[in-house]
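Okay, structure first, notes after.
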Amino acid sequence: MPRPGWKPRPLLGAVIATLALLVPSTATAAIYWTEAGNIVAARLDGSGIEPRFFQSAGSMSGPFYDLIATDTHLYWRGFLGVMSLSLDGPAAPPAPVITGINESGLLGGFGVGAGYLYWTNPERKSIGRAALDGSGRIDDLVTVGGFSRPCDVAVRGEYIYWTDFAGIGRARLDGSEVDDSFVPTLVGGCALAVDDRHIYWASSEGGIARATIAGDAVEPQFIPSAGRAESIAVLDGTVYWIDQREGMVNETIGRAVPGQPPVAAWVPTSTFSGGGVAVDARSEPAPRPLPSRPIRFGQLRQNKSRGIAAIDVWVPERGDLVVTSPAIGWKVLKGPEPPPYRFGSFRWRLKLWPGKTGRASRRVKRQLARRGRAPLALRVTYSETGQLPVVATKQLALRKDLPPGPARRDKQPARHHR
């Protein structure tokens, strides 16, 4: 503690002011939602939208149902099961946490809390649980009675909650004290969220319904809307949801701030089915560039008369592509071309020849001149916009036709004259 009356020197005061700017902000959180196989991120006021915060490497691992954010990870449910993505680094592809839970074809929701991940098994009429690293898995922690099929699950305090079309159920975190009719009410969808004071779910009348955490004081039209809540997230009393309308109408992100009228079309999206929304406790979306998705090489075409070649390189999105092999000179002949559909590929066609300078280039030129063939490694670095670079290598050989010469005539069998 500085003594009373102490004043920092100008230089020291400037250093203190600079350090103060480096202290992390504790402002509001970030919001995430799924759209067209990607995860979109934005600040909680709807600004700073990052449409490709995370780009799926394929439909098997991509987010297509439900989304949950914690202070350190994003979780979603894909065809492989529940996937996780670290928000704190190092940059890495998503990892499967729970697999083999979509075999019945009936997709359920999941929730995270108290160090565990809970998920619904609609076909088994049960709720499973595992640690956040996938260990200690129990597929039937809670068995739901009657004709109920649990659809979504949320965790708060000492309880887990789930939706069924006949009401809201509740049980303790260890699976005991099961109450299938904790809130006996018709439910209009799977969406469910819980905070310290209330339970929120998709209303059978459209919009979002609410009850107290004790299960009473039900408000069937707490947030009225002509659409259905596809996914719900809540933070500090503010409710966010995916608002889904009938027909081929794009979904929107809705927001309801306490004391203000709810806005169902707060942020538009480009999808009309199957979204998920989540919020976390960060001041803004985590700056998490991820490795770019893999690229693949196509056909190699040789021009043997000149000792050059051309090769196609297929990339998943527009970005920066560079040949980094020291022995190769190169330029772009064609590309990238837009794909005919959203999840297509872009093609770059590259022209390759021996480089002009360096020991490796001189070696390639010597081999072409003496043997007509120079093996080498084509190394390509590719970066999607806003992502980390990925390196791909292909072994190939440049070829060149050699004219007949003394060295070649010496290899022909000698003729004997009488």
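In the structure tokens, each chain is lettered A, B, ... as it comes, each chain's residues begin at 1, and ligands are numbered from 1 in order of appearance.
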
Can you write out as a Markdown table which residues of segment 122-203 of chain A fall within 12 Å of segment 212-216 of chain A, alongside each residue's closest atom pair and its distance in Å to one decimal, counting only C-alpha atoms and ordering rows by chain and ascending residue number?
```
| residue | atom | partner | partner_atom | distance |
| --- | --- | --- | --- | --- |
| A:Val155 | CA | A:Ile213 | CA | 11.7 |
| A:Arg156 | CA | A:Ile213 | CA | 9.5 |
| A:Gly157 | CA | A:Ile213 | CA | 10.3 |
| A:Glu158 | CA | A:Ile213 | CA | 11.6 |
| A:Tyr159 | CA | A:Ile213 | CA | 10.3 |
| A:Ile160 | CA | A:Ile213 | CA | 11.4 |
| A:Tyr161 | CA | A:Ile213 | CA | 10.2 |
| A:Gly167 | CA | A:Gly215 | CA | 10.8 |
| A:Ile168 | CA | A:Gly215 | CA | 8.7 |
| A:Gly169 | CA | A:Gly215 | CA | 9.8 |
| A:Arg170 | CA | A:Gly215 | CA | 9.6 |
| A:Asp179 | CA | A:Gly215 | CA | 11.2 |
| A:Ser181 | CA | A:Gly215 | CA | 9.6 |
| A:Phe182 | CA | A:Gly215 | CA | 6.3 |
| A:Val183 | CA | A:Gly215 | CA | 5.5 |
| A:Pro184 | CA | A:Gly215 | CA | 9.0 |
| A:Thr185 | CA | A:Gly215 | CA | 10.6 |
| A:Ala193 | CA | A:Ile213 | CA | 11.0 |
| A:Val194 | CA | A:Ile213 | CA | 7.9 |
| A:Asp195 | CA | A:Ile213 | CA | 7.9 |
| A:Asp196 | CA | A:Ile213 | CA | 7.0 |
| A:Arg197 | CA | A:Ile213 | CA | 5.2 |
| A:His198 | CA | A:Thr212 | CA | 4.3 |
| A:Ile199 | CA | A:Ile213 | CA | 5.8 |
| A:Tyr200 | CA | A:Thr212 | CA | 8.9 |
| A:Trp201 | CA | A:Thr212 | CA | 11.8 |
```

Original post:
Near segment 305-321 of chain A, within 10 Å and counting only C-alpha atoms, which residues show up once chain neighbours fewer than 5 positions away are dropped, as a PyMOL selection string?
Top reply: chain A and resi 55+57+292-300+329-339+342-354+365+368-369+372-374+380-387+389-391+397-402

Original post:
In terms of the shortest atom-to-atom distance over only C-alpha atoms, which of A:Gly136, A:Pro262, A:Gly188, A:Gly247 is closest to Pro224 of chain A?
Top reply: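 Among A:Gly136, A:Pro262, A:Gly188, A:Gly247, it is A:Pro262 that comes nearest to Pro224 of chain A.
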
For Asn102 of chain A, list every protein, DNA or RNA residue within 12 Å, evaluated using only C-alpha atoms, and leave out those in the same chain fewer than 4 positions away; present the list as a JSON list (two decimals) with all heavy atoms, in the first residue's frame.
```json
[["chain", "number", "residue", "atom", "x", "y", "z"],
["A", 60, "MET", "N", -19.85, -35.03, -39.94],
["A", 60, "MET", "CA", -19.85, -35.98, -38.83],
["A", 60, "MET", "C", -19.55, -35.31, -37.50],
["A", 60, "MET", "O", -20.06, -35.69, -36.47],
["A", 60, "MET", "CB", -18.81, -37.08, -39.10],
["A", 60, "MET", "CG", -19.11, -37.92, -40.35],
["A", 60, "MET", "SD", -20.71, -38.74, -40.29],
["A", 60, "MET", "CE", -20.37, -39.96, -39.02],
["A", 65, "TYR", "N", -27.02, -29.71, -33.55],
["A", 65, "TYR", "CA", -28.10, -29.72, -32.57],
["A", 65, "TYR", "C", -27.52, -29.39, -31.20],
["A", 65, "TYR", "O", -26.54, -30.00, -30.77],
["A", 65, "TYR", "CB", -28.79, -31.08, -32.54],
["A", 65, "TYR", "CG", -29.96, -31.13, -31.58],
["A", 65, "TYR", "CD1", -31.16, -30.49, -31.89],
["A", 65, "TYR", "CD2", -29.85, -31.76, -30.36],
["A", 65, "TYR", "CE1", -32.21, -30.50, -31.02],
["A", 65, "TYR", "CE2", -30.92, -31.78, -29.47],
["A", 65, "TYR", "CZ", -32.10, -31.16, -29.80],
["A", 65, "TYR", "OH", -33.15, -31.16, -28.93],
["A", 77, "ARG", "N", -23.76, -31.25, -29.96],
["A", 77, "ARG", "CA", -24.08, -32.62, -30.32],
["A", 77, "ARG", "C", -24.06, -32.77, -31.83],
["A", 77, "ARG", "O", -24.74, -32.05, -32.55],
["A", 77, "ARG", "CB", -25.46, -33.00, -29.78],
["A", 77, "ARG", "CG", -25.75, -34.50, -29.89],
["A", 77, "ARG", "CD", -26.84, -34.92, -28.93],
["A", 77, "ARG", "NE", -27.07, -36.35, -28.97],
["A", 77, "ARG", "CZ", -27.74, -37.03, -28.04],
["A", 77, "ARG", "NH1", -28.24, -36.39, -27.01],
["A", 77, "ARG", "NH2", -27.92, -38.32, -28.14],
["A", 78, "GLY", "N", -23.21, -33.69, -32.32],
["A", 78, "GLY", "CA", -23.11, -33.98, -33.73],
["A", 78, "GLY", "C", -23.37, -35.46, -33.97],
["A", 78, "GLY", "O", -23.76, -36.19, -33.05],
["A", 79, "PHE", "N", -23.15, -35.91, -35.19],
["A", 79, "PHE", "CA", -23.39, -37.31, -35.51],
["A", 79, "PHE", "C", -22.48, -38.24, -34.72],
["A", 79, "PHE", "O", -22.82, -39.38, -34.44],
["A", 79, "PHE", "CB", -23.20, -37.56, -37.02],
["A", 79, "PHE", "CG", -24.36, -37.09, -37.85],
["A", 79, "PHE", "CD1", -24.26, -35.94, -38.60],
["A", 79, "PHE", "CD2", -25.55, -37.79, -37.86],
["A", 79, "PHE", "CE1", -25.33, -35.50, -39.36],
["A", 79, "PHE", "CE2", -26.63, -37.35, -38.61],
["A", 79, "PHE", "CZ", -26.52, -36.20, -39.37],
["A", 80, "LEU", "N", -21.28, -37.76, -34.36],
["A", 80, "LEU", "CA", -20.36, -38.58, -33.60],
["A", 80, "LEU", "C", -20.70, -38.62, -32.12],
["A", 80, "LEU", "O", -20.15, -39.42, -31.37],
["A", 80, "LEU", "CB", -18.92, -38.07, -33.77],
["A", 80, "LEU", "CG", -18.34, -38.17, -35.19],
["A", 80, "LEU", "CD1", -16.94, -37.57, -35.22],
["A", 80, "LEU", "CD2", -18.30, -39.62, -35.66],
["A", 81, "GLY", "N", -21.60, -37.74, -31.68],
["A", 81, "GLY", "CA", -21.93, -37.64, -30.26],
["A", 81, "GLY", "C", -21.72, -36.23, -29.78],
["A", 81, "GLY", "O", -21.87, -35.26, -30.54],
["A", 82, "VAL", "N", -21.36, -36.06, -28.52],
["A", 82, "VAL", "CA", -21.10, -34.75, -27.95],
["A", 82, "VAL", "C", -19.63, -34.41, -28.17],
["A", 82, "VAL", "O", -18.74, -35.17, -27.80],
["A", 82, "VAL", "CB", -21.45, -34.72, -26.45],
["A", 82, "VAL", "CG1", -21.09, -33.34, -25.86],
["A", 82, "VAL", "CG2", -22.93, -34.99, -26.24],
["A", 98, "ILE", "N", -18.49, -37.82, -25.70],
["A", 98, "ILE", "CA", -19.38, -38.97, -25.56],
["A", 98, "ILE", "C", -19.76, -39.43, -26.96],
["A", 98, "ILE", "O", -20.27, -38.65, -27.76],
["A", 98, "ILE", "CB", -20.66, -38.62, -24.77],
["A", 98, "ILE", "CG1", -20.29, -38.03, -23.40],
["A", 98, "ILE", "CG2", -21.53, -39.85, -24.60],
["A", 98, "ILE", "CD1", -19.57, -38.99, -22.50],
["A", 106, "LEU", "N", -32.85, -40.99, -32.68],
["A", 106, "LEU", "CA", -33.59, -39.98, -31.93],
["A", 106, "LEU", "C", -32.61, -39.12, -31.18],
["A", 106, "LEU", "O", -31.94, -39.57, -30.26],
["A", 106, "LEU", "CB", -34.57, -40.65, -30.96],
["A", 106, "LEU", "CG", -35.71, -41.45, -31.59],
["A", 106, "LEU", "CD1", -36.55, -42.12, -30.51],
["A", 106, "LEU", "CD2", -36.59, -40.54, -32.43],
["A", 107, "LEU", "N", -32.49, -37.87, -31.59],
["A", 107, "LEU", "CA", -31.51, -36.98, -31.00],
["A", 107, "LEU", "C", -32.07, -36.34, -29.74],
["A", 107, "LEU", "O", -33.18, -35.82, -29.73],
["A", 107, "LEU", "CB", -31.11, -35.90, -31.99],
["A", 107, "LEU", "CG", -30.42, -36.40, -33.27],
["A", 107, "LEU", "CD1", -30.17, -35.24, -34.20],
["A", 107, "LEU", "CD2", -29.13, -37.10, -32.93],
["A", 108, "GLY", "N", -31.28, -36.37, -28.69],
["A", 108, "GLY", "CA", -31.66, -35.70, -27.46],
["A", 108, "GLY", "C", -30.72, -34.56, -27.17],
["A", 108, "GLY", "O", -29.72, -34.34, -27.86],
["A", 109, "GLY", "N", -31.03, -33.81, -26.13],
["A", 109, "GLY", "CA", -30.18, -32.70, -25.73],
["A", 109, "GLY", "C", -29.19, -33.12, -24.66],
["A", 109, "GLY", "O", -29.14, -34.28, -24.24],
["A", 119, "TRP", "N", -26.82, -36.22, -20.68],
["A", 119, "TRP", "CA", -27.49, -36.27, -21.98],
["A", 119, "TRP", "C", -28.73, -37.16, -21.90],
["A", 119, "TRP", "O", -28.83, -38.04, -21.05],
["A", 119, "TRP", "CB", -26.55, -36.77, -23.07],
["A", 119, "TRP", "CG", -26.14, -38.21, -22.95],
["A", 119, "TRP", "CD1", -26.74, -39.29, -23.53],
["A", 119, "TRP", "CD2", -25.07, -38.73, -22.16],
["A", 119, "TRP", "NE1", -26.10, -40.45, -23.18],
["A", 119, "TRP", "CE2", -25.07, -40.14, -22.33],
["A", 119, "TRP", "CE3", -24.10, -38.15, -21.32],
["A", 119, "TRP", "CZ2", -24.15, -40.96, -21.71],
["A", 119, "TRP", "CZ3", -23.20, -38.98, -20.70],
["A", 119, "TRP", "CH2", -23.21, -40.36, -20.89],
["A", 120, "THR", "N", -29.68, -36.88, -22.78],
["A", 120, "THR", "CA", -30.91, -37.67, -22.81],
["A", 120, "THR", "C", -30.80, -38.77, -23.85],
["A", 120, "THR", "O", -30.21, -38.60, -24.92],
["A", 120, "THR", "CB", -32.12, -36.78, -23.15],
["A", 120, "THR", "OG1", -31.93, -36.19, -24.43],
["A", 120, "THR", "CG2", -32.31, -35.69, -22.11],
["A", 121, "ASN", "N", -31.36, -39.92, -23.53],
["A", 121, "ASN", "CA", -31.49, -41.07, -24.43],
["A", 121, "ASN", "C", -32.98, -41.29, -24.68],
["A", 121, "ASN", "O", -33.63, -42.05, -23.95],
["A", 121, "ASN", "CB", -30.87, -42.32, -23.81],
["A", 121, "ASN", "CG", -29.39, -42.17, -23.52],
["A", 121, "ASN", "OD1", -28.62, -41.90, -24.40],
["A", 121, "ASN", "ND2", -29.02, -42.32, -22.25],
["A", 122, "PRO", "N", -33.57, -40.63, -25.69],
["A", 122, "PRO", "CA", -35.02, -40.74, -25.88],
["A", 122, "PRO", "C", -35.50, -42.17, -26.09],
["A", 122, "PRO", "O", -36.54, -42.56, -25.55],
["A", 122, "PRO", "CB", -35.28, -39.87, -27.12],
["A", 122, "PRO", "CG", -34.14, -38.91, -27.16],
["A", 122, "PRO", "CD", -32.96, -39.67, -26.63],
["A", 123, "GLU", "N", -34.77, -42.96, -26.85],
["A", 123, "GLU", "CA", -35.19, -44.33, -27.12],
["A", 123, "GLU", "C", -35.12, -45.20, -25.87],
["A", 123, "GLU", "O", -35.98, -46.04, -25.63],
["A", 123, "GLU", "CB", -34.33, -44.92, -28.25],
["A", 123, "GLU", "CG", -34.78, -46.30, -28.71],
["A", 123, "GLU", "CD", -36.12, -46.27, -29.43],
["A", 123, "GLU", "OE1", -36.51, -45.19, -29.92],
["A", 123, "GLU", "OE2", -36.78, -47.32, -29.48],
["A", 124, "ARG", "N", -34.10, -44.99, -25.05],
["A", 124, "ARG", "CA", -33.93, -45.76, -23.82],
["A", 124, "ARG", "C", -34.76, -45.20, -22.67],
["A", 124, "ARG", "O", -34.80, -45.79, -21.59],
["A", 124, "ARG", "CB", -32.46, -45.78, -23.42],
["A", 124, "ARG", "CG", -31.54, -46.41, -24.44],
["A", 124, "ARG", "CD", -30.08, -46.06, -24.15],
["A", 124, "ARG", "NE", -29.62, -46.65, -22.89],
["A", 124, "ARG", "CZ", -28.86, -47.74, -22.82],
["A", 124, "ARG", "NH1", -28.47, -48.35, -23.94],
["A", 124, "ARG", "NH2", -28.48, -48.21, -21.65]]
```

**OP:** Mind giving me the straight-line distance from atom CA of Ser47 of chain A to atom CA of Gly111 of chain A in Å, one decimal?
**Re:** 27.0 Å

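For the atom pair formed by atom CA of His73 of chain A and atom CA of Gly175 of chain A, the distance is 24.9 Å, given to one decimal.
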
**OP:** Would you please give, as a PyMOL selection string, all residues of segment 191-297 of chain A that DSSP assigns to strand (DSSP E) based on the backbone?
**Re:** chain A and resi 191-194+198-203+208-212+219-223+228-235+238-244+252-256+263-268+277-279+296-297

Subject >> For atom CA of Gly206 of chain A and atom CA of Leu117 of chain A, the interatomic separation in Å (one decimal) >> reply: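 Computing it gives 28.8 Å between the two atoms.
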
Subject >> Spatial neighbours of Leu378 of chain A, 9 Å, only C-alpha atoms, chain gap at least 2 places, as a PyMOL selection string >> reply: chain A and resi 323-325+327-328+376+380+392-396

Subject >> All helix (DSSP H, G or I) residues (DSSP, backbone) inside segment 136-383 of chain A, as a list in words >> reply: Arg359, Ala360, Ser361, Arg362, Arg363, Val364, Lys365, Arg366, Gln367, Leu368, Ala369, Arg370 and Arg371 of chain A

Restrict the selected residues to C-alpha atoms and save them as an mmCIF file, in the first residue's frame.
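New file out-v7.cif:
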```cif
data_model
loop_
_atom_site.group_PDB
_atom_site.id
_atom_site.type_symbol
_atom_site.label_atom_id
_atom_site.label_comp_id
_atom_site.auth_asym_id
_atom_site.auth_seq_id
_atom_site.Cartn_x
_atom_site.Cartn_y
_atom_site.Cartn_z
ATOM 1 C CA ARG A 359 21.375 -25.680 -53.280
ATOM 2 C CA ALA A 360 18.107 -27.634 -53.518
ATOM 3 C CA SER A 361 17.192 -25.928 -56.792
ATOM 4 C CA ARG A 362 20.608 -26.672 -58.279
ATOM 5 C CA ARG A 363 20.242 -30.330 -57.302
ATOM 6 C CA VAL A 364 16.851 -30.567 -59.071
ATOM 7 C CA LYS A 365 18.272 -28.961 -62.220
ATOM 8 C CA ARG A 366 21.251 -31.363 -62.273
ATOM 9 C CA GLN A 367 19.001 -34.403 -61.886
ATOM 10 C CA LEU A 368 16.716 -33.243 -64.708
ATOM 11 C CA ALA A 369 19.701 -32.567 -66.986
ATOM 12 C CA ARG A 370 21.433 -35.912 -66.264
ATOM 13 C CA ARG A 371 18.592 -38.342 -65.595
#
```
